[in-house]
Each structure stands twice: as C-alpha cells, then as structure tokens.
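Below is the file start.cif, which contains mmCIF, C-alpha atoms.
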data_coords
#
loop_
_atom_site.group_PDB
_atom_site.id
_atom_site.type_symbol
_atom_site.label_atom_id
_atom_site.label_comp_id
_atom_site.auth_asym_id
_atom_site.auth_seq_id
_atom_site.Cartn_x
_atom_site.Cartn_y
_atom_site.Cartn_z
ATOM 1 C CA MET A 1 73.479 231.491 277.191
ATOM 2 C CA SER A 2 73.511 231.677 273.425
ATOM 3 C CA VAL A 3 71.834 235.093 273.360
ATOM 4 C CA ALA A 4 74.196 236.513 275.964
ATOM 5 C CA HIS A 5 77.148 234.990 274.164
ATOM 6 C CA LEU A 6 76.107 236.524 270.863
ATOM 7 C CA GLY A 7 75.588 239.902 272.497
ATOM 8 C CA ALA A 8 78.986 239.819 274.129
ATOM 9 C CA ALA A 9 80.654 238.742 270.907
ATOM 10 C CA GLY A 10 78.884 241.421 268.817
ATOM 11 C CA THR A 11 79.802 244.285 271.176
ATOM 12 C CA PRO A 12 83.386 245.565 271.040
ATOM 13 C CA GLU A 13 85.078 245.760 274.424
ATOM 14 C CA THR A 14 87.747 248.106 275.748
ATOM 15 C CA ALA A 15 90.839 247.052 277.685
ATOM 16 C CA ASP A 16 89.016 247.340 281.010
ATOM 17 C CA GLY A 17 86.154 245.169 279.807
ATOM 18 C CA GLY A 18 83.683 247.978 278.986
ATOM 19 C CA PRO A 19 81.893 248.325 275.601
ATOM 20 C CA ALA A 20 83.794 250.433 273.072
ATOM 21 C CA THR A 21 81.894 252.948 270.948
ATOM 22 C CA THR A 22 82.133 252.915 267.196
ATOM 23 C CA THR A 23 81.690 256.700 267.061
ATOM 24 C CA THR A 24 85.438 257.269 267.354
ATOM 25 C CA LEU A 25 85.881 255.250 264.172
ATOM 26 C CA LEU A 26 83.018 256.811 262.225
ATOM 27 C CA VAL A 27 83.687 260.495 263.012
ATOM 28 C CA PRO A 28 87.081 260.717 261.223
ATOM 29 C CA ARG A 29 85.583 259.017 258.169
ATOM 30 C CA ARG A 30 82.659 261.456 258.123
ATOM 31 C CA ARG A 31 85.017 264.393 258.472
ATOM 32 C CA GLN A 32 87.131 263.102 255.615
ATOM 33 C CA ARG A 33 84.065 262.711 253.406
ATOM 34 C CA THR A 34 82.815 266.208 254.347
ATOM 35 C CA SER A 35 86.184 267.825 253.649
ATOM 36 C CA LEU A 36 86.464 265.946 250.360
ATOM 37 C CA ALA A 37 82.984 267.104 249.324
ATOM 38 C CA ARG A 38 83.857 270.711 250.226
ATOM 39 C CA ARG A 39 87.035 270.543 248.171
ATOM 40 C CA ARG A 40 85.088 269.255 245.203
ATOM 41 C CA MET A 41 82.525 272.060 245.579
ATOM 42 C CA ARG A 42 85.291 274.677 245.783
ATOM 43 C CA ARG A 43 86.964 273.296 242.695
ATOM 44 C CA ALA A 44 83.674 273.270 240.827
ATOM 45 C CA GLY A 45 82.990 276.854 241.942
ATOM 46 C CA LEU A 46 86.419 277.964 240.765
ATOM 47 C CA LEU A 47 85.881 276.293 237.410
ATOM 48 C CA PHE A 48 82.586 278.138 236.933
ATOM 49 C CA ALA A 49 84.126 281.450 238.056
ATOM 50 C CA ALA A 50 87.332 281.025 236.040
ATOM 51 C CA PRO A 51 86.067 282.685 232.806
ATOM 52 C CA GLY A 52 84.799 285.726 234.697
ATOM 53 C CA LEU A 53 87.965 285.963 236.789
ATOM 54 C CA LEU A 54 90.113 285.693 233.671
ATOM 55 C CA LEU A 55 88.143 288.438 231.930
ATOM 56 C CA TYR A 56 88.311 290.633 235.063
ATOM 57 C CA GLY A 57 92.064 290.118 235.252
ATOM 58 C CA LEU A 58 92.580 291.049 231.603
ATOM 59 C CA VAL A 59 90.259 294.071 231.613
ATOM 60 C CA VAL A 60 90.824 295.483 235.133
ATOM 61 C CA LEU A 61 93.799 294.027 236.998
ATOM 62 C CA TRP A 62 96.326 293.988 234.165
ATOM 63 C CA PRO A 63 95.636 297.616 233.112
ATOM 64 C CA MET A 64 95.991 298.616 236.764
ATOM 65 C CA VAL A 65 99.383 296.966 236.956
ATOM 66 C CA GLN A 66 100.418 298.669 233.709
ATOM 67 C CA SER A 67 99.253 302.050 235.017
ATOM 68 C CA VAL A 68 101.402 301.675 238.115
ATOM 69 C CA GLN A 69 104.328 300.695 235.903
ATOM 70 C CA PHE A 70 103.836 303.655 233.529
ATOM 71 C CA SER A 71 103.637 306.094 236.446
ATOM 72 C CA PHE A 72 107.379 305.653 237.082
ATOM 73 C CA TYR A 73 108.320 306.698 233.523
ATOM 74 C CA LYS A 74 108.223 309.812 231.399
ATOM 75 C CA TRP A 75 106.658 308.750 228.110
ATOM 76 C CA ASN A 76 104.693 310.465 225.381
ATOM 77 C CA GLY A 77 103.044 307.233 224.294
ATOM 78 C CA VAL A 78 105.089 306.861 221.102
ATOM 79 C CA GLY A 79 108.820 307.294 221.667
ATOM 80 C CA ALA A 80 111.180 305.761 224.164
ATOM 81 C CA SER A 81 110.284 305.959 227.855
ATOM 82 C CA VAL A 82 112.614 307.368 230.518
ATOM 83 C CA TRP A 83 112.688 306.171 234.127
ATOM 84 C CA VAL A 84 111.867 309.065 236.491
ATOM 85 C CA GLY A 85 110.977 307.181 239.677
ATOM 86 C CA LEU A 86 108.547 309.113 241.890
ATOM 87 C CA ASP A 87 108.882 312.395 239.974
ATOM 88 C CA ASN A 88 105.389 312.092 238.478
ATOM 89 C CA TYR A 89 103.847 311.692 241.921
ATOM 90 C CA ILE A 90 105.906 314.539 243.369
ATOM 91 C CA ASN A 91 104.930 316.748 240.428
ATOM 92 C CA PHE A 92 101.242 316.048 241.065
ATOM 93 C CA PHE A 93 101.469 317.608 244.530
ATOM 94 C CA ALA A 94 104.125 320.224 243.654
ATOM 95 C CA ASP A 95 102.654 321.611 240.430
ATOM 96 C CA PRO A 96 100.256 324.490 241.283
ATOM 97 C CA VAL A 97 97.875 323.589 238.454
ATOM 98 C CA LEU A 98 97.610 319.922 239.389
ATOM 99 C CA ARG A 99 97.452 320.740 243.090
ATOM 100 C CA SER A 100 94.540 323.106 242.450
ATOM 101 C CA THR A 101 92.489 320.153 241.190
ATOM 102 C CA LEU A 102 92.333 318.800 244.741
ATOM 103 C CA GLY A 103 90.893 322.090 245.982
ATOM 104 C CA ASN A 104 88.295 322.031 243.215
ATOM 105 C CA VAL A 105 87.377 318.487 244.193
ATOM 106 C CA LEU A 106 86.753 319.575 247.792
ATOM 107 C CA VAL A 107 84.267 322.153 246.518
ATOM 108 C CA LEU A 108 82.616 319.572 244.280
ATOM 109 C CA ILE A 109 82.252 317.186 247.231
ATOM 110 C CA VAL A 110 80.030 319.785 248.897
ATOM 111 C CA PHE A 111 77.785 319.945 245.826
ATOM 112 C CA PHE A 112 78.027 316.307 244.709
ATOM 113 C CA ALA A 113 77.789 314.654 248.148
ATOM 114 C CA LEU A 114 76.839 316.826 251.137
ATOM 115 C CA LEU A 115 74.010 318.845 249.576
ATOM 116 C CA PRO A 116 72.311 315.887 247.827
ATOM 117 C CA ILE A 117 72.503 313.786 250.996
ATOM 118 C CA ALA A 118 71.078 316.597 253.153
ATOM 119 C CA LEU A 119 68.255 317.289 250.690
ATOM 120 C CA GLY A 120 67.625 313.571 250.263
ATOM 121 C CA LEU A 121 67.296 313.065 254.024
ATOM 122 C CA VAL A 122 64.825 315.945 254.381
ATOM 123 C CA SER A 123 62.785 314.771 251.391
ATOM 124 C CA ALA A 124 62.741 311.173 252.601
ATOM 125 C CA ALA A 125 61.598 312.258 256.059
ATOM 126 C CA LEU A 126 58.795 314.412 254.625
ATOM 127 C CA ILE A 127 57.599 311.761 252.174
ATOM 128 C CA THR A 128 57.604 308.880 254.664
ATOM 129 C CA SER A 129 55.905 310.916 257.394
ATOM 130 C CA SER A 130 53.024 312.140 255.206
ATOM 131 C CA LYS A 131 50.942 309.958 252.887
ATOM 132 C CA ARG A 132 49.680 312.681 250.598
ATOM 133 C CA PRO A 133 48.658 312.074 246.978
ATOM 134 C CA GLY A 134 51.205 312.934 244.330
ATOM 135 C CA MET A 135 54.265 311.753 246.266
ATOM 136 C CA GLY A 136 54.979 309.121 243.617
ATOM 137 C CA VAL A 137 55.137 311.805 240.924
ATOM 138 C CA TYR A 138 57.416 313.886 243.153
ATOM 139 C CA ARG A 139 59.810 310.961 243.539
ATOM 140 C CA TRP A 140 59.723 310.224 239.802
ATOM 141 C CA ILE A 141 60.559 313.836 238.889
ATOM 142 C CA PHE A 142 63.599 313.994 241.137
ATOM 143 C CA PHE A 143 64.777 310.499 240.184
ATOM 144 C CA LEU A 144 64.690 311.457 236.503
ATOM 145 C CA PRO A 145 68.409 312.466 236.387
ATOM 146 C CA GLN A 146 69.348 308.858 237.165
ATOM 147 C CA VAL A 147 67.560 307.773 233.992
ATOM 148 C CA LEU A 148 69.263 310.373 231.801
ATOM 149 C CA THR A 149 72.897 310.091 230.817
ATOM 150 C CA SER A 150 75.386 312.604 232.192
ATOM 151 C CA VAL A 151 76.092 313.838 228.652
ATOM 152 C CA VAL A 152 72.450 314.803 228.151
ATOM 153 C CA ILE A 153 72.325 316.517 231.545
ATOM 154 C CA ALA A 154 75.525 318.455 230.789
ATOM 155 C CA LEU A 155 74.231 319.644 227.400
ATOM 156 C CA VAL A 156 70.898 320.753 228.869
ATOM 157 C CA PHE A 157 72.495 322.758 231.671
ATOM 158 C CA LYS A 158 75.109 324.212 229.322
ATOM 159 C CA ARG A 159 72.240 325.697 227.330
ATOM 160 C CA MET A 160 70.508 326.903 230.500
ATOM 161 C CA TYR A 161 73.675 328.609 231.777
ATOM 162 C CA ALA A 162 74.358 330.341 228.424
ATOM 163 C CA PRO A 163 74.369 334.187 228.347
ATOM 164 C CA GLU A 164 71.020 334.131 226.523
ATOM 165 C CA GLY A 165 69.799 331.004 228.271
ATOM 166 C CA PRO A 166 66.634 330.496 230.360
ATOM 167 C CA ILE A 167 68.319 331.360 233.679
ATOM 168 C CA ASN A 168 69.503 334.802 232.548
ATOM 169 C CA GLU A 169 66.228 335.438 230.730
ATOM 170 C CA ALA A 170 64.316 334.656 233.929
ATOM 171 C CA LEU A 171 66.523 337.079 235.882
ATOM 172 C CA ARG A 172 65.895 339.805 233.342
ATOM 173 C CA ALA A 173 62.158 339.115 233.402
ATOM 174 C CA VAL A 174 61.946 339.770 237.161
ATOM 175 C CA GLY A 175 64.130 342.875 237.033
ATOM 176 C CA LEU A 176 67.392 341.242 238.129
ATOM 177 C CA GLY A 177 69.177 341.607 234.819
ATOM 178 C CA ALA A 178 72.266 342.952 236.618
ATOM 179 C CA LEU A 179 72.859 339.437 237.974
ATOM 180 C CA ALA A 180 72.759 337.835 234.516
ATOM 181 C CA GLN A 181 76.144 336.636 233.283
ATOM 182 C CA ASN A 182 77.947 333.820 231.517
ATOM 183 C CA TRP A 183 77.840 331.419 234.449
ATOM 184 C CA LEU A 184 80.166 328.808 232.993
ATOM 185 C CA GLY A 185 82.615 331.434 231.741
ATOM 186 C CA ASP A 186 83.075 333.276 235.025
ATOM 187 C CA PHE A 187 86.075 332.443 237.202
ATOM 188 C CA THR A 188 84.041 332.797 240.390
ATOM 189 C CA TRP A 189 80.760 331.141 239.432
ATOM 190 C CA ALA A 190 81.874 328.410 237.025
ATOM 191 C CA LEU A 191 82.692 325.799 239.691
ATOM 192 C CA PRO A 192 79.529 326.363 241.795
ATOM 193 C CA ALA A 193 77.446 326.320 238.607
ATOM 194 C CA VAL A 194 78.867 322.946 237.638
ATOM 195 C CA GLY A 195 78.468 321.765 241.233
ATOM 196 C CA LEU A 196 74.757 322.551 241.184
ATOM 197 C CA ILE A 197 74.391 320.277 238.176
ATOM 198 C CA GLY A 198 75.906 317.489 240.277
ATOM 199 C CA THR A 199 73.539 318.332 243.135
ATOM 200 C CA TRP A 200 70.527 317.993 240.870
ATOM 201 C CA GLY A 201 71.867 314.760 239.440
ATOM 202 C CA ALA A 202 72.618 313.051 242.761
ATOM 203 C CA PHE A 203 69.670 314.340 244.794
ATOM 204 C CA GLY A 204 67.127 311.917 243.337
ATOM 205 C CA PHE A 205 69.356 308.905 243.929
ATOM 206 C CA CYS A 206 69.931 309.846 247.578
ATOM 207 C CA MET A 207 66.235 310.531 248.145
ATOM 208 C CA VAL A 208 65.060 307.180 246.755
ATOM 209 C CA LEU A 209 67.821 305.354 248.651
ATOM 210 C CA PHE A 210 66.785 306.960 251.937
ATOM 211 C CA ILE A 211 63.081 306.372 251.310
ATOM 212 C CA ALA A 212 63.796 302.667 250.792
ATOM 213 C CA GLY A 213 65.823 302.576 254.004
ATOM 214 C CA ALA A 214 63.224 304.500 256.027
ATOM 215 C CA SER A 215 60.455 302.135 254.928
ATOM 216 C CA SER A 216 62.362 299.238 256.528
ATOM 217 C CA ILE A 217 62.539 300.909 259.960
ATOM 218 C CA PRO A 218 60.074 299.199 262.363
ATOM 219 C CA PRO A 219 57.021 301.417 263.072
ATOM 220 C CA GLU A 220 57.248 300.442 266.737
ATOM 221 C CA LEU A 221 60.320 302.639 267.098
ATOM 222 C CA TYR A 222 58.395 305.688 265.927
ATOM 223 C CA GLU A 223 55.494 304.853 268.246
ATOM 224 C CA ALA A 224 57.868 304.518 271.196
ATOM 225 C CA ALA A 225 59.464 307.868 270.352
ATOM 226 C CA ARG A 226 56.052 309.564 270.188
ATOM 227 C CA MET A 227 55.072 308.046 273.525
ATOM 228 C CA ASP A 228 58.215 309.602 274.998
ATOM 229 C CA GLY A 229 57.072 312.987 273.715
ATOM 230 C CA ALA A 230 59.378 313.231 270.716
ATOM 231 C CA GLY A 231 58.436 315.724 268.027
ATOM 232 C CA PRO A 232 59.146 315.402 264.303
ATOM 233 C CA VAL A 233 62.684 316.795 264.593
ATOM 234 C CA ARG A 234 63.676 314.641 267.557
ATOM 235 C CA GLU A 235 62.017 311.641 265.933
ATOM 236 C CA PHE A 236 64.146 312.190 262.851
ATOM 237 C CA PHE A 237 67.434 312.364 264.774
ATOM 238 C CA THR A 238 66.688 309.532 267.219
ATOM 239 C CA VAL A 239 64.927 307.025 264.939
ATOM 240 C CA THR A 240 65.203 307.820 261.241
ATOM 241 C CA LEU A 241 68.824 308.936 261.044
ATOM 242 C CA PRO A 242 70.284 305.987 263.039
ATOM 243 C CA GLY A 243 68.157 303.603 260.984
ATOM 244 C CA LEU A 244 69.681 304.931 257.759
ATOM 245 C CA ARG A 245 73.301 304.271 258.727
ATOM 246 C CA GLY A 246 73.845 301.709 255.973
ATOM 247 C CA GLN A 247 72.180 303.870 253.315
ATOM 248 C CA LEU A 248 74.209 306.886 254.415
ATOM 249 C CA ALA A 249 77.431 304.900 254.018
ATOM 250 C CA ILE A 250 76.435 303.868 250.485
ATOM 251 C CA ALA A 251 75.417 307.400 249.517
ATOM 252 C CA LEU A 252 78.605 308.952 250.932
ATOM 253 C CA THR A 253 80.840 306.423 249.214
ATOM 254 C CA LEU A 254 79.219 306.756 245.792
ATOM 255 C CA THR A 255 78.827 310.533 245.814
ATOM 256 C CA ILE A 256 82.295 311.382 247.173
ATOM 257 C CA THR A 257 84.046 309.023 244.787
ATOM 258 C CA GLY A 258 81.814 310.409 242.034
ATOM 259 C CA ALA A 259 83.098 313.915 242.807
ATOM 260 C CA LEU A 260 86.679 312.652 242.686
ATOM 261 C CA ARG A 261 86.058 310.953 239.325
ATOM 262 C CA ALA A 262 83.997 313.746 237.756
ATOM 263 C CA PHE A 263 84.964 314.064 234.104
ATOM 264 C CA ASP A 264 82.196 314.003 231.506
ATOM 265 C CA LEU A 265 80.129 316.705 233.213
ATOM 266 C CA ILE A 266 83.160 318.999 233.508
ATOM 267 C CA TRP A 267 84.529 318.262 230.042
ATOM 268 C CA ILE A 268 81.290 318.939 228.198
ATOM 269 C CA THR A 269 80.396 322.126 230.089
ATOM 270 C CA THR A 270 83.725 323.906 230.716
ATOM 271 C CA ARG A 271 86.630 321.602 229.693
ATOM 272 C CA GLY A 272 88.237 322.587 232.987
ATOM 273 C CA GLY A 273 88.022 326.315 232.366
ATOM 274 C CA PRO A 274 87.909 329.198 232.513
ATOM 275 C CA GLY A 275 91.597 328.879 233.273
ATOM 276 C CA THR A 276 91.818 326.078 235.834
ATOM 277 C CA SER A 277 88.781 327.109 237.895
ATOM 278 C CA THR A 278 86.898 323.851 237.167
ATOM 279 C CA LEU A 279 89.856 321.577 236.484
ATOM 280 C CA THR A 280 89.496 318.185 238.198
ATOM 281 C CA PRO A 281 91.998 315.302 238.465
ATOM 282 C CA SER A 282 90.094 313.323 235.834
ATOM 283 C CA VAL A 283 90.203 316.206 233.349
ATOM 284 C CA ALA A 284 93.890 316.766 234.133
ATOM 285 C CA LEU A 285 94.489 313.049 233.542
ATOM 286 C CA TYR A 286 92.745 313.216 230.160
ATOM 287 C CA LYS A 287 94.734 316.257 229.092
ATOM 288 C CA ALA A 288 98.005 314.689 230.234
ATOM 289 C CA ALA A 289 97.244 311.516 228.309
ATOM 290 C CA PHE A 290 95.808 312.883 225.047
ATOM 291 C CA VAL A 291 96.168 316.670 224.745
ATOM 292 C CA ASN A 292 99.775 317.179 225.877
ATOM 293 C CA PRO A 293 100.917 313.555 225.925
ATOM 294 C CA ASN A 294 102.622 312.610 229.167
ATOM 295 C CA VAL A 295 101.423 309.079 229.829
ATOM 296 C CA GLY A 296 103.516 308.725 232.973
ATOM 297 C CA GLN A 297 101.964 311.801 234.591
ATOM 298 C CA ALA A 298 98.477 310.658 233.579
ATOM 299 C CA ALA A 299 99.109 307.224 235.089
ATOM 300 C CA ALA A 300 100.357 308.801 238.332
ATOM 301 C CA ILE A 301 97.199 310.920 238.592
ATOM 302 C CA GLY A 302 95.074 307.818 238.028
ATOM 303 C CA VAL A 303 96.927 305.848 240.694
ATOM 304 C CA VAL A 304 96.579 308.669 243.242
ATOM 305 C CA MET A 305 92.841 308.964 242.540
ATOM 306 C CA ALA A 306 92.353 305.201 242.813
ATOM 307 C CA VAL A 307 94.139 305.127 246.171
ATOM 308 C CA LEU A 308 92.088 308.071 247.461
ATOM 309 C CA CYS A 309 88.823 306.430 246.386
ATOM 310 C CA MET A 310 89.826 303.173 248.073
ATOM 311 C CA ILE A 311 90.801 304.940 251.310
ATOM 312 C CA ILE A 312 87.522 306.878 251.373
ATOM 313 C CA ALA A 313 85.480 303.717 250.794
ATOM 314 C CA VAL A 314 87.328 301.792 253.517
ATOM 315 C CA VAL A 315 87.055 304.624 256.067
ATOM 316 C CA ILE A 316 83.328 305.142 255.452
ATOM 317 C CA THR A 317 82.675 301.395 255.681
ATOM 318 C CA ARG A 318 84.617 301.035 258.937
ATOM 319 C CA VAL A 319 82.908 304.035 260.543
ATOM 320 C CA SER A 320 79.441 302.865 259.484
ATOM 321 C CA GLU A 321 80.018 299.398 260.923
ATOM 322 C CA LYS A 322 80.870 300.708 264.390
ATOM 323 C CA GLU A 323 78.027 300.549 266.863
#

Exercise: express the given structure as structure tokens:
Amino acid sequence: MSVAHLGAAGTPETADGGPATTTTLLVPRRRQRTSLARRRMRRAGLLFAAPGLLLYGLVVLWPMVQSVQFSFYKWNGVGASVWVGLDNYINFFADPVLRSTLGNVLVLIVFFALLPIALGLVSAALITSSKRPGMGVYRWIFFLPQVLTSVVIALVFKRMYAPEGPINEALRAVGLGALAQNWLGDFTWALPAVGLIGTWGAFGFCMVLFIAGASSIPPELYEAARMDGAGPVREFFTVTLPGLRGQLAIALTLTITGALRAFDLIWITTRGGPGTSTLTPSVALYKAAFVNPNVGQAAAIGVVMAVLCMIIAVVITRVSEKE
C-alpha cells in the first residue's frame, strides 16, 4: 500500500486520471535556453565582426554611396557642383567616344575570357589524360603571368611590340619583314595586340583552375564512358566539361569582369590610343577624373561598370547552379 501510494503521489495525473508527461513543461524551457544561447552567440559574432564591418563600410560602402551621389552632378573636383540629374549617364551612352569603349570591351572579352578559357580547357584535358614527364614545368611556365604584376607584363610586351622589338625582328629574320609594323600604334592591330597580352596573362590561371577541377572528377565516370565506347573527344564533352561547371563559372566571372575593368595594361601600353581604338571604360573614367576633370562623368562611368559587373556575376552564378 505504501509503495503504491508513493507511486501514485509522485506521478502527475491528468483530468481523466491518466499520468501527465513532464515533457510539455521541459520543451518550452529547453527552447528558451537554446534561443537565448543562439542570441548570445550572434551578439558575440557581431562584436567580433564589428571592426571589419566598420572598416569595410568606411573603405568600400561609403565611397560607393559618394560615387552614386557625385554621378548626378557636374563637378570639376574643386569648384561648385551643379545638379544635372541623369545627364552623365545619358552622355555615357550618347557620346560616340564613350560608347565606343563598350565595343572595345566586347573585343577584349574575346581575348581576356573566351580564348583563355578555351585554351585552358584543352590544356587541362591533355595534361590530366596523359601522365608524361615535364607536365609540372609546363604548368609552371604558363602560370608564371599570375606571379608577375600586370605592370611588368605590360612593360615587357610593350618592348616586344615596338617597331624594333623581338616580334618584328623575328618576322624580318624569316623573310616576312613586310608584316612588321608598330603593333601598338596601328589603329587596326592595337586592340588585338593588347588583347593577346590579356590572353597570355589569363591562360595560366584558367588552366590551373581546370586541372584542379578535373582532378576531383571521379575516375569511375571516365571508366564508364570508355566502356560505352566513348573516345577522347566524347569523353571530354560528356564527363570533363560537365564536371567543370563550377570552375567554368569562376573563370567566366573573373575574366569577363577583368576585361570590363582593364586599366593598367591599357594605360601602360597605349593610354587608350591610337585615337580611341583601345579606350576602355576604366581608362575613360581615369581621364574624366584626372586629365579633363569631370568628376560627375567619371562617377557615372564607375557606377555603370559596377552594375554591369554585378549583373554578369549574378547571371553566370544562376546559370551555373541550374541542373
């Protein structure tokens, strides 16, 4: 009797006489403790990130806001500013010189993005499919431009493209002296000549990126493709290329935005000339800001380029994520 009585007294009962569970009382308390702990962790994380966020806001976000503000004014950087609304943006697309920069960028995208990616894919496929000695040296040679600064690369190629440079001397040595010319001073060949510098500079990066991606593809996929009778070309398009979707998205984003932002390479080699044949938005922005001061126009060019880069990055990311 005493044991049964103690058991009945120690067990909570519901209205109908059944035992009530204590879980309904403990769960809300546990949830409250968990939510409180998460709030404390978030606050601690924000405190640790606050210095970096503050620095990022001062160095990046605030100048961006100022650039958008300046783009609605006509200002030489010294005197009084005049509100012009959207005139700077309209002038960017209406002015023939500024509008030509977009056409030049399209040509540079071919040399800065499409050619390096195509060459990088072919090189990665050849290197990963054959284990011959010397492949490490081959990769090191073509990755060398990523180690050098763009200023050094521009100065080297400026000397090579000179009228008495190695390229023209080589043409004369093989009897093709009629083709020798001032490559960076010709209206027709200046932009492709600069573009080839970008191809050489970006090729090594794309190749190493694709080699790293191809090495992570399961070998079983290649074995299954060979069992189905796939040759090297079909194996590349059915196994290697789909397996490099993420690396392709990274390469496209970085190289296309790099073509849009190209400045130092152009400025050191041609300064946008001859005429406007190699003028890019970044060079036009620099000239508008410092050569013929029009800070509002320079800010408008910067805002347009930033928006274009963001749109390109978002589109490439969305497309690459689709199955």

Apply the PyMOL selection byres ((chain A and resi 282) around 7) to the file shown and report the selected residues as a PyMOL selection string. chain A and resi 261-263+280-281+283-286

Within 10 Å of Gly165 of chain A using only C-alpha atoms, minus same-chain residues under 5 positions, as an NGL selection string: :A and (157-160 or 170 or 180-182)

Can you write just those residues out, C-alpha atoms, as a compact mmCIF listing (two decimals), in the frame of the given file?
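What ended up in part-v5.txt:
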# COMPACT_ATOMS: atom_id res chain seq x y z
CA PHE A 157 72.50 322.76 231.67
CA LYS A 158 75.11 324.21 229.32
CA ARG A 159 72.24 325.70 227.33
CA MET A 160 70.51 326.90 230.50
CA ALA A 170 64.32 334.66 233.93
CA ALA A 180 72.76 337.84 234.52
CA GLN A 181 76.14 336.64 233.28
CA ASN A 182 77.95 333.82 231.52

Long-range neighbours of Thr253 of chain A as a PyMOL selection string, 10 Å cut-off, only C-alpha atoms, 6 positions minimum in chain: chain A and resi 113+247+309-310+312-317

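Here atom CA of Val295 of chain A stands at a distance of 10.8 Å from atom CA of Gln69 of chain A.
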
Any idea what's packed within 12 Å of Pro232 of chain A, counting all atoms listed in the file, ignoring anything in its chain fewer than 6 positions away? Could you give it as a VMD selection string? chain A and resid 122 125 to 126 128 to 130 222 to 223 225 to 226 238 to 240

The residue from A:Ala230, A:Leu53, A:Pro96, A:Ile109 with the smallest atom-to-atom distance to Pro192 of chain A, counting only C-alpha atoms, is A:Ile109

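The space separating atom CA of Thr149 of chain A from atom CA of Leu184 of chain A comes to 20.2 Å.
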
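The gap separating atom CA of Val147 of chain A from atom CA of Phe236 of chain A is 29.4 Å, in Å to one decimal.
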
Nearest to Asn76 of chain A, chosen from A:Leu209, A:Val105, A:Val291, A:Ala306, with only C-alpha atoms counted in the distances: A:Val291

Using only C-alpha atoms, can you list as a PyMOL selection string the residues within 7 Å of (89.7, 320.3, 239.5)? chain A and resi 100-105+278-281

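Compared by their closest atoms to Arg318 of chain A, and using only C-alpha atoms, the residues A:Tyr89, A:Arg245, A:Pro274, A:Ser35 rank with A:Arg245 nearest.
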
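Distances from A:Ile197, A:Val319, A:Leu86, A:Gly273 to Val151 of chain A were compared using only C-alpha atoms, and the smallest one belongs to A:Ile197.
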